[in-house]
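Comments concern the structure below.
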Amino acid sequence: MPMLQFDPVQLPKAAEALRHEVRDFLATNSDRISAPNSDFSSGHDADFSARLGERGWIGMTWPKAYGGAERSFFERYVVTEELLAAGAPVSAHWIADRQSGPLLLSAGSEEQRARYLPAIIRGASFFSIGMSEPGTGSDLASVRTVAKPVAGGWRVSGTKLWTTDAHRNHYMIALVRTAPADGNRHGGLSQLIIDLAAPGVTIRPIRNMAGGEDFNEVVFDDVFVADADVVGEPGNGWSQVTSELGYERSGPERFLSAFRVYVEFVRLVGADPERSEAAAVGRIAAHLMTLRRMSMSVAGMLENGKTPNVEAALVKELGNNFEKLLPEIARAAAPLSRSGDGGAQARFRQTYAETLLLSPSFTLRGGTREILRGVIARGLGLR
């Protein structure tokens with residue numbers, strides 16, 4: 001029976017040295033972090049992304065031929081961890097850096113890499129994901145968006161849902177049906193790069209409970225996409241999209257989205273917490289350190305050229321559970337009735353409330369828990 005593998009790893013000295021550089025950068029650019037939030041999708045700041053691009057902290061592991069730095073996955077991990085822990089506004093470049101760029105490196109054409117990757121690395125080009133659709137839930141194989149062949153390309157019609165930041169981003173890599181399934185639900189699917197400013201594209205932001213507009217409904221009405229913007233070969237979309245999902249499931253964003261609640265809770269209880277408060281601090285820390293070690297292990301596997309899809313799915317499943325548990329542990333132990341720093345209480349209340357309102361999206365993005373458990377079960381030979 002297949003086994004899960006989470007070998008212990010130690011961050012190299014170069015990665016730990018980089019951590020101090022990132023913290024200095026964050027201190028210098030504190031003007032861009034006016035409302036810290038560790039949810040990677042909550043702060044879209046093109047200027048901040050451009051500053052990161054100048055430091056070489058986007059596309060860090062990518063080839064130098066396209067402007068990348070060819071640094072290690074461990075170094076990328078450290079940058080990601082520090083940005084999220086500080087609550088920096090990273091949403092603008094996030095998907096392009098984490099998913100779209102790696103997809104183009106693995107399945108895209110040389111022309112696509114040369115055209116799109118340098119701008120992503122500069123923090124000047126932003127991508128959205130076009131997978132989910134209305135009425136299909138997490139069943140990607142049932143997508144109904146259709147691309148019909150025409151002279152020089154394809155005409156796309158359909159609707160994508162939950163497309164983060166599509167109203168602010170430049171492109172979407174969309175999973176569409178380019179041929180009938182013919183008995184194979186996973187056949188006939190392809191991925192296309194779609195210009196979100198193209199004629200026929202309508203984008204409708206979806207307001208969330210916190211009052212923000214991060215998710216969108218994107219409608220394609222006979223949108224033209226050139227043959228040059230098909231990622232990989234037509235019909236290879238299913239294998240590509242499942243590999244792409246692996247990129248987004250194992251990073252520290254999968255257990256740090258609620259981290260600011262922990263930060264404010266620790267500040268609230270202070271240096272001499274009550275017994276129950278100290279127990280809550282320790283309980284959260286135990287979860288956090290365990291998930292961090294697992295996530296770092298996945299980074300080590302990526303560094304060694306492995307494809308840890310099952311391990312990544314487990315990190316996301318456990319991480320999502322923790323992200324919802326953390327605020328509740330803190331809320332139950334928070335000393336809101338004790339006299340003390342009213343500012344600390346206000347900051348905790350605000351951070352807790354905002355995270356609570358955003359938390360329904362934590363288990364939606366990157367695959368629901370049912371989908372993830374299916375991936376894990378198949379990887380372990382249980383189904």
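By order of appearance in the structure tokens: chains A, B, ..., then residues from 1 within every chain, and ligands from 1 in the order shown.
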
| query | What lies within 9 Å of Pro8 of chain A using only C-alpha atoms, ignoring chain neighbours under 3 positions off, as a VMD selection string? | reply | chain A and resid 293 to 294 296 to 297 300

| message | List the spatial neighbours of Leu256 of chain A as a ChimeraX atom specification - criterion: any atom at most 9 Å away, only C-alpha atoms, same-chain residues fewer than 5 positions off excluded. | response | /A:38-40,81,84-85,288,319,323

Check the DSSP output for the backbone and give back, as a PDB file with N, CA and C atoms, in the first residue's frame, the residues of segment 65-200 of chain A in strand (DSSP E or B).
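As a result, result24.pdb now contains:
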ATOM      1  N   PHE A 127      -2.729  37.021 -13.010  1.00  0.00           N
ATOM      2  CA  PHE A 127      -3.550  35.957 -13.581  1.00  0.00           C
ATOM      3  C   PHE A 127      -4.633  35.507 -12.608  1.00  0.00           C
ATOM      4  N   SER A 128      -5.739  35.029 -13.174  1.00  0.00           N
ATOM      5  CA  SER A 128      -6.801  34.375 -12.415  1.00  0.00           C
ATOM      6  C   SER A 128      -6.938  32.936 -12.894  1.00  0.00           C
ATOM      7  N   ILE A 129      -7.653  32.137 -12.096  1.00  0.00           N
ATOM      8  CA  ILE A 129      -7.901  30.732 -12.421  1.00  0.00           C
ATOM      9  C   ILE A 129      -9.333  30.584 -12.906  1.00  0.00           C
ATOM     10  N   GLY A 130      -9.542  29.884 -13.996  1.00  0.00           N
ATOM     11  CA  GLY A 130     -10.884  29.651 -14.516  1.00  0.00           C
ATOM     12  C   GLY A 130     -11.217  28.170 -14.496  1.00  0.00           C
ATOM     13  N   VAL A 146     -17.486  26.157 -23.381  1.00  0.00           N
ATOM     14  CA  VAL A 146     -17.109  25.487 -24.636  1.00  0.00           C
ATOM     15  C   VAL A 146     -16.225  26.408 -25.479  1.00  0.00           C
ATOM     16  N   ALA A 147     -15.208  25.820 -26.092  1.00  0.00           N
ATOM     17  CA  ALA A 147     -14.381  26.530 -27.072  1.00  0.00           C
ATOM     18  C   ALA A 147     -14.529  25.814 -28.417  1.00  0.00           C
ATOM     19  N   LYS A 148     -15.043  26.545 -29.407  1.00  0.00           N
ATOM     20  CA  LYS A 148     -15.254  25.961 -30.738  1.00  0.00           C
ATOM     21  C   LYS A 148     -14.160  26.450 -31.683  1.00  0.00           C
ATOM     22  N   PRO A 149     -13.593  25.533 -32.478  1.00  0.00           N
ATOM     23  CA  PRO A 149     -12.505  25.930 -33.387  1.00  0.00           C
ATOM     24  C   PRO A 149     -12.991  26.847 -34.502  1.00  0.00           C
ATOM     25  N   VAL A 150     -12.212  27.896 -34.762  1.00  0.00           N
ATOM     26  CA  VAL A 150     -12.451  28.815 -35.872  1.00  0.00           C
ATOM     27  C   VAL A 150     -11.098  29.104 -36.498  1.00  0.00           C
ATOM     28  N   GLY A 153      -7.952  30.089 -34.322  1.00  0.00           N
ATOM     29  CA  GLY A 153      -8.112  29.970 -32.876  1.00  0.00           C
ATOM     30  C   GLY A 153      -9.420  29.329 -32.476  1.00  0.00           C
ATOM     31  N   TRP A 154     -10.024  29.889 -31.419  1.00  0.00           N
ATOM     32  CA  TRP A 154     -11.210  29.309 -30.800  1.00  0.00           C
ATOM     33  C   TRP A 154     -12.162  30.427 -30.376  1.00  0.00           C
ATOM     34  N   ARG A 155     -13.456  30.088 -30.335  1.00  0.00           N
ATOM     35  CA  ARG A 155     -14.465  30.991 -29.795  1.00  0.00           C
ATOM     36  C   ARG A 155     -15.009  30.375 -28.508  1.00  0.00           C
ATOM     37  N   VAL A 156     -14.904  31.130 -27.428  1.00  0.00           N
ATOM     38  CA  VAL A 156     -15.231  30.606 -26.097  1.00  0.00           C
ATOM     39  C   VAL A 156     -16.542  31.198 -25.597  1.00  0.00           C
ATOM     40  N   SER A 157     -17.416  30.325 -25.102  1.00  0.00           N
ATOM     41  CA  SER A 157     -18.681  30.767 -24.510  1.00  0.00           C
ATOM     42  C   SER A 157     -18.942  29.947 -23.248  1.00  0.00           C
ATOM     43  N   GLY A 158     -19.343  30.647 -22.188  1.00  0.00           N
ATOM     44  CA  GLY A 158     -19.627  29.968 -20.925  1.00  0.00           C
ATOM     45  C   GLY A 158     -19.380  30.895 -19.757  1.00  0.00           C
ATOM     46  N   THR A 159     -19.424  30.335 -18.561  1.00  0.00           N
ATOM     47  CA  THR A 159     -19.292  31.136 -17.337  1.00  0.00           C
ATOM     48  C   THR A 159     -18.361  30.445 -16.350  1.00  0.00           C
ATOM     49  N   LYS A 160     -17.483  31.229 -15.749  1.00  0.00           N
ATOM     50  CA  LYS A 160     -16.618  30.747 -14.672  1.00  0.00           C
ATOM     51  C   LYS A 160     -16.981  31.473 -13.382  1.00  0.00           C
ATOM     52  N   LEU A 161     -16.852  30.763 -12.263  1.00  0.00           N
ATOM     53  CA  LEU A 161     -17.274  31.294 -10.980  1.00  0.00           C
ATOM     54  C   LEU A 161     -16.143  31.191  -9.965  1.00  0.00           C
ATOM     55  N   TYR A 171      -5.192  38.355 -17.047  1.00  0.00           N
ATOM     56  CA  TYR A 171      -5.452  37.132 -17.814  1.00  0.00           C
ATOM     57  C   TYR A 171      -6.098  36.080 -16.921  1.00  0.00           C
ATOM     58  N   MET A 172      -6.727  35.116 -17.580  1.00  0.00           N
ATOM     59  CA  MET A 172      -7.241  33.929 -16.919  1.00  0.00           C
ATOM     60  C   MET A 172      -6.792  32.702 -17.708  1.00  0.00           C
ATOM     61  N   ILE A 173      -6.350  31.669 -16.993  1.00  0.00           N
ATOM     62  CA  ILE A 173      -6.136  30.370 -17.630  1.00  0.00           C
ATOM     63  C   ILE A 173      -7.366  29.542 -17.315  1.00  0.00           C
ATOM     64  N   ALA A 174      -8.166  29.282 -18.349  1.00  0.00           N
ATOM     65  CA  ALA A 174      -9.481  28.670 -18.166  1.00  0.00           C
ATOM     66  C   ALA A 174      -9.494  27.233 -18.671  1.00  0.00           C
ATOM     67  N   LEU A 175     -10.168  26.374 -17.907  1.00  0.00           N
ATOM     68  CA  LEU A 175     -10.410  24.995 -18.335  1.00  0.00           C
ATOM     69  C   LEU A 175     -11.716  24.975 -19.118  1.00  0.00           C
ATOM     70  N   VAL A 176     -11.655  24.558 -20.378  1.00  0.00           N
ATOM     71  CA  VAL A 176     -12.829  24.583 -21.262  1.00  0.00           C
ATOM     72  C   VAL A 176     -12.929  23.268 -22.009  1.00  0.00           C
ATOM     73  N   ARG A 177     -14.108  23.022 -22.554  1.00  0.00           N
ATOM     74  CA  ARG A 177     -14.297  21.816 -23.354  1.00  0.00           C
ATOM     75  C   ARG A 177     -14.087  22.172 -24.829  1.00  0.00           C
ATOM     76  N   LEU A 189     -10.922  18.153 -22.784  1.00  0.00           N
ATOM     77  CA  LEU A 189     -10.750  19.389 -22.024  1.00  0.00           C
ATOM     78  C   LEU A 189      -9.404  20.025 -22.355  1.00  0.00           C
ATOM     79  N   SER A 190      -9.388  21.352 -22.394  1.00  0.00           N
ATOM     80  CA  SER A 190      -8.162  22.084 -22.715  1.00  0.00           C
ATOM     81  C   SER A 190      -8.072  23.321 -21.830  1.00  0.00           C
ATOM     82  N   GLN A 191      -6.877  23.888 -21.758  1.00  0.00           N
ATOM     83  CA  GLN A 191      -6.666  25.127 -21.024  1.00  0.00           C
ATOM     84  C   GLN A 191      -6.272  26.237 -21.985  1.00  0.00           C
ATOM     85  N   LEU A 192      -6.932  27.377 -21.841  1.00  0.00           N
ATOM     86  CA  LEU A 192      -6.687  28.520 -22.716  1.00  0.00           C
ATOM     87  C   LEU A 192      -6.315  29.739 -21.874  1.00  0.00           C
ATOM     88  N   ILE A 193      -5.402  30.549 -22.389  1.00  0.00           N
ATOM     89  CA  ILE A 193      -5.082  31.829 -21.764  1.00  0.00           C
ATOM     90  C   ILE A 193      -6.011  32.875 -22.374  1.00  0.00           C
ATOM     91  N   ILE A 194      -6.842  33.493 -21.535  1.00  0.00           N
ATOM     92  CA  ILE A 194      -7.843  34.444 -22.027  1.00  0.00           C
ATOM     93  C   ILE A 194      -7.532  35.835 -21.484  1.00  0.00           C
ATOM     94  N   ASP A 195      -7.456  36.800 -22.381  1.00  0.00           N
ATOM     95  CA  ASP A 195      -7.274  38.199 -22.010  1.00  0.00           C
ATOM     96  C   ASP A 195      -8.583  38.693 -21.384  1.00  0.00           C
TER      97      ASP A 195
END

| note | With distances taken over only C-alpha atoms, the candidate from A:Ala286, A:Val261, A:Met3, A:Ala27 nearest Gln350 of chain A is A:Val261

Residues within 9 Å of Leu140 of chain A, please, as a PDB file with all heavy atoms, in the first residue's frame. Count only C-alpha atoms; anything in the same chain fewer than 5 positions from it doesn't count.
ATOM      1  N   MET A 131     -11.602  27.667 -13.335  1.00  0.00           N
ATOM      2  CA  MET A 131     -11.954  26.245 -13.215  1.00  0.00           C
ATOM      3  C   MET A 131     -13.431  26.072 -12.881  1.00  0.00           C
ATOM      4  O   MET A 131     -14.190  25.518 -13.659  1.00  0.00           O
ATOM      5  CB  MET A 131     -11.079  25.570 -12.145  1.00  0.00           C
ATOM      6  CG  MET A 131      -9.601  25.529 -12.486  1.00  0.00           C
ATOM      7  SD  MET A 131      -8.679  24.587 -11.235  1.00  0.00           S
ATOM      8  CE  MET A 131      -6.991  24.959 -11.724  1.00  0.00           C
ATOM      9  N   SER A 132     -13.858  26.553 -11.713  1.00  0.00           N
ATOM     10  CA  SER A 132     -15.227  26.322 -11.239  1.00  0.00           C
ATOM     11  C   SER A 132     -16.262  27.006 -12.123  1.00  0.00           C
ATOM     12  O   SER A 132     -15.982  28.023 -12.763  1.00  0.00           O
ATOM     13  CB  SER A 132     -15.374  26.828  -9.808  1.00  0.00           C
ATOM     14  OG  SER A 132     -14.485  26.161  -8.945  1.00  0.00           O
ATOM     15  N   GLU A 133     -17.481  26.424 -12.120  1.00  0.00           N
ATOM     16  CA  GLU A 133     -18.587  26.986 -12.889  1.00  0.00           C
ATOM     17  C   GLU A 133     -19.872  26.900 -12.077  1.00  0.00           C
ATOM     18  O   GLU A 133     -19.977  26.085 -11.155  1.00  0.00           O
ATOM     19  CB  GLU A 133     -18.756  26.231 -14.216  1.00  0.00           C
ATOM     20  CG  GLU A 133     -17.572  26.358 -15.148  1.00  0.00           C
ATOM     21  CD  GLU A 133     -17.849  25.770 -16.520  1.00  0.00           C
ATOM     22  OE1 GLU A 133     -18.972  25.257 -16.731  1.00  0.00           O
ATOM     23  OE2 GLU A 133     -16.957  25.831 -17.378  1.00  0.00           O
ATOM     24  N   LEU A 175     -10.168  26.374 -17.907  1.00  0.00           N
ATOM     25  CA  LEU A 175     -10.410  24.995 -18.335  1.00  0.00           C
ATOM     26  C   LEU A 175     -11.716  24.975 -19.118  1.00  0.00           C
ATOM     27  O   LEU A 175     -12.768  25.361 -18.590  1.00  0.00           O
ATOM     28  CB  LEU A 175     -10.512  24.078 -17.117  1.00  0.00           C
ATOM     29  CG  LEU A 175     -10.748  22.595 -17.409  1.00  0.00           C
ATOM     30  CD1 LEU A 175      -9.533  21.977 -18.083  1.00  0.00           C
ATOM     31  CD2 LEU A 175     -11.086  21.834 -16.126  1.00  0.00           C
ATOM     32  N   HIS A 186     -13.026  12.918 -18.611  1.00  0.00           N
ATOM     33  CA  HIS A 186     -11.836  13.755 -18.507  1.00  0.00           C
ATOM     34  C   HIS A 186     -11.239  14.095 -19.867  1.00  0.00           C
ATOM     35  O   HIS A 186     -10.247  14.822 -19.950  1.00  0.00           O
ATOM     36  CB  HIS A 186     -10.778  13.057 -17.644  1.00  0.00           C
ATOM     37  CG  HIS A 186     -11.243  12.799 -16.243  1.00  0.00           C
ATOM     38  ND1 HIS A 186     -10.694  11.813 -15.452  1.00  0.00           N
ATOM     39  CD2 HIS A 186     -12.218  13.393 -15.501  1.00  0.00           C
ATOM     40  CE1 HIS A 186     -11.306  11.815 -14.272  1.00  0.00           C
ATOM     41  NE2 HIS A 186     -12.238  12.757 -14.284  1.00  0.00           N
ATOM     42  N   TRP A 238      -7.179  18.062 -18.646  1.00  0.00           N
ATOM     43  CA  TRP A 238      -7.434  17.421 -17.356  1.00  0.00           C
ATOM     44  C   TRP A 238      -6.141  17.109 -16.617  1.00  0.00           C
ATOM     45  O   TRP A 238      -6.005  17.422 -15.431  1.00  0.00           O
ATOM     46  CB  TRP A 238      -8.244  16.146 -17.536  1.00  0.00           C
ATOM     47  CG  TRP A 238      -8.559  15.507 -16.221  1.00  0.00           C
ATOM     48  CD1 TRP A 238      -7.970  14.417 -15.655  1.00  0.00           C
ATOM     49  CD2 TRP A 238      -9.525  15.966 -15.265  1.00  0.00           C
ATOM     50  NE1 TRP A 238      -8.498  14.157 -14.417  1.00  0.00           N
ATOM     51  CE2 TRP A 238      -9.462  15.093 -14.151  1.00  0.00           C
ATOM     52  CE3 TRP A 238     -10.433  17.024 -15.243  1.00  0.00           C
ATOM     53  CZ2 TRP A 238     -10.278  15.259 -13.032  1.00  0.00           C
ATOM     54  CZ3 TRP A 238     -11.250  17.185 -14.128  1.00  0.00           C
ATOM     55  CH2 TRP A 238     -11.161  16.303 -13.038  1.00  0.00           C
TER      56      TRP A 238
END

| field | Close residues, segment 202-214 of chain A itself excluded, 12 Å, only C-alpha atoms, min 4 positions apart in chain, as a ChimeraX atom specification | value | /A:39-44,91-92,128,157-170,172,195-198,218-223,350-361

| Residue set, segment 169-378 of chain A restricted to helix (DSSP H, G or I), as a PyMOL selection string | chain A and resi 227-229+237-247+253-256+259-269+275-303+309-333+342-361+369-378

| task | Rank A:Ala151, A:Pro273, A:Leu11, A:Glu82 by their smallest atom-to-atom distance to Asp24 of chain A, using only C-alpha atoms, and report the top residue only. | result | A:Glu82

| query | In Å, how far is it from atom CA of Gly101 of chain A to atom CA of Trp62 of chain A? | reply | 8.5 Å

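The space between atom CA of Ala279 of chain A and atom CA of Leu291 of chain A spans 18.6 Å.
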
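Each of A:Ala69, A:Leu103, A:Ala313, A:Leu83 was checked against Glu253 of chain A using only C-alpha atoms; the smallest atom-to-atom distance is that of A:Leu83.
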
| task | Tell me, as number ranges by chain, which residues lie within 7 Å of segment 106-122 of chain A, counting only C-alpha atoms; anything in the same chain fewer than 5 positions away does not count. | result | A: 50, 53-54, 58-59, 66-68, 96, 101, 231-232

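Considering only C-alpha atoms, the residue among A:Gln345, A:Asp47, A:Gly188, A:Phe265 positioned nearest to Glu328 of chain A is A:Phe265.
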
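We find atom CA of Pro89 of chain A and atom CA of Asp45 of chain A to be spaced 5.9 Å apart.
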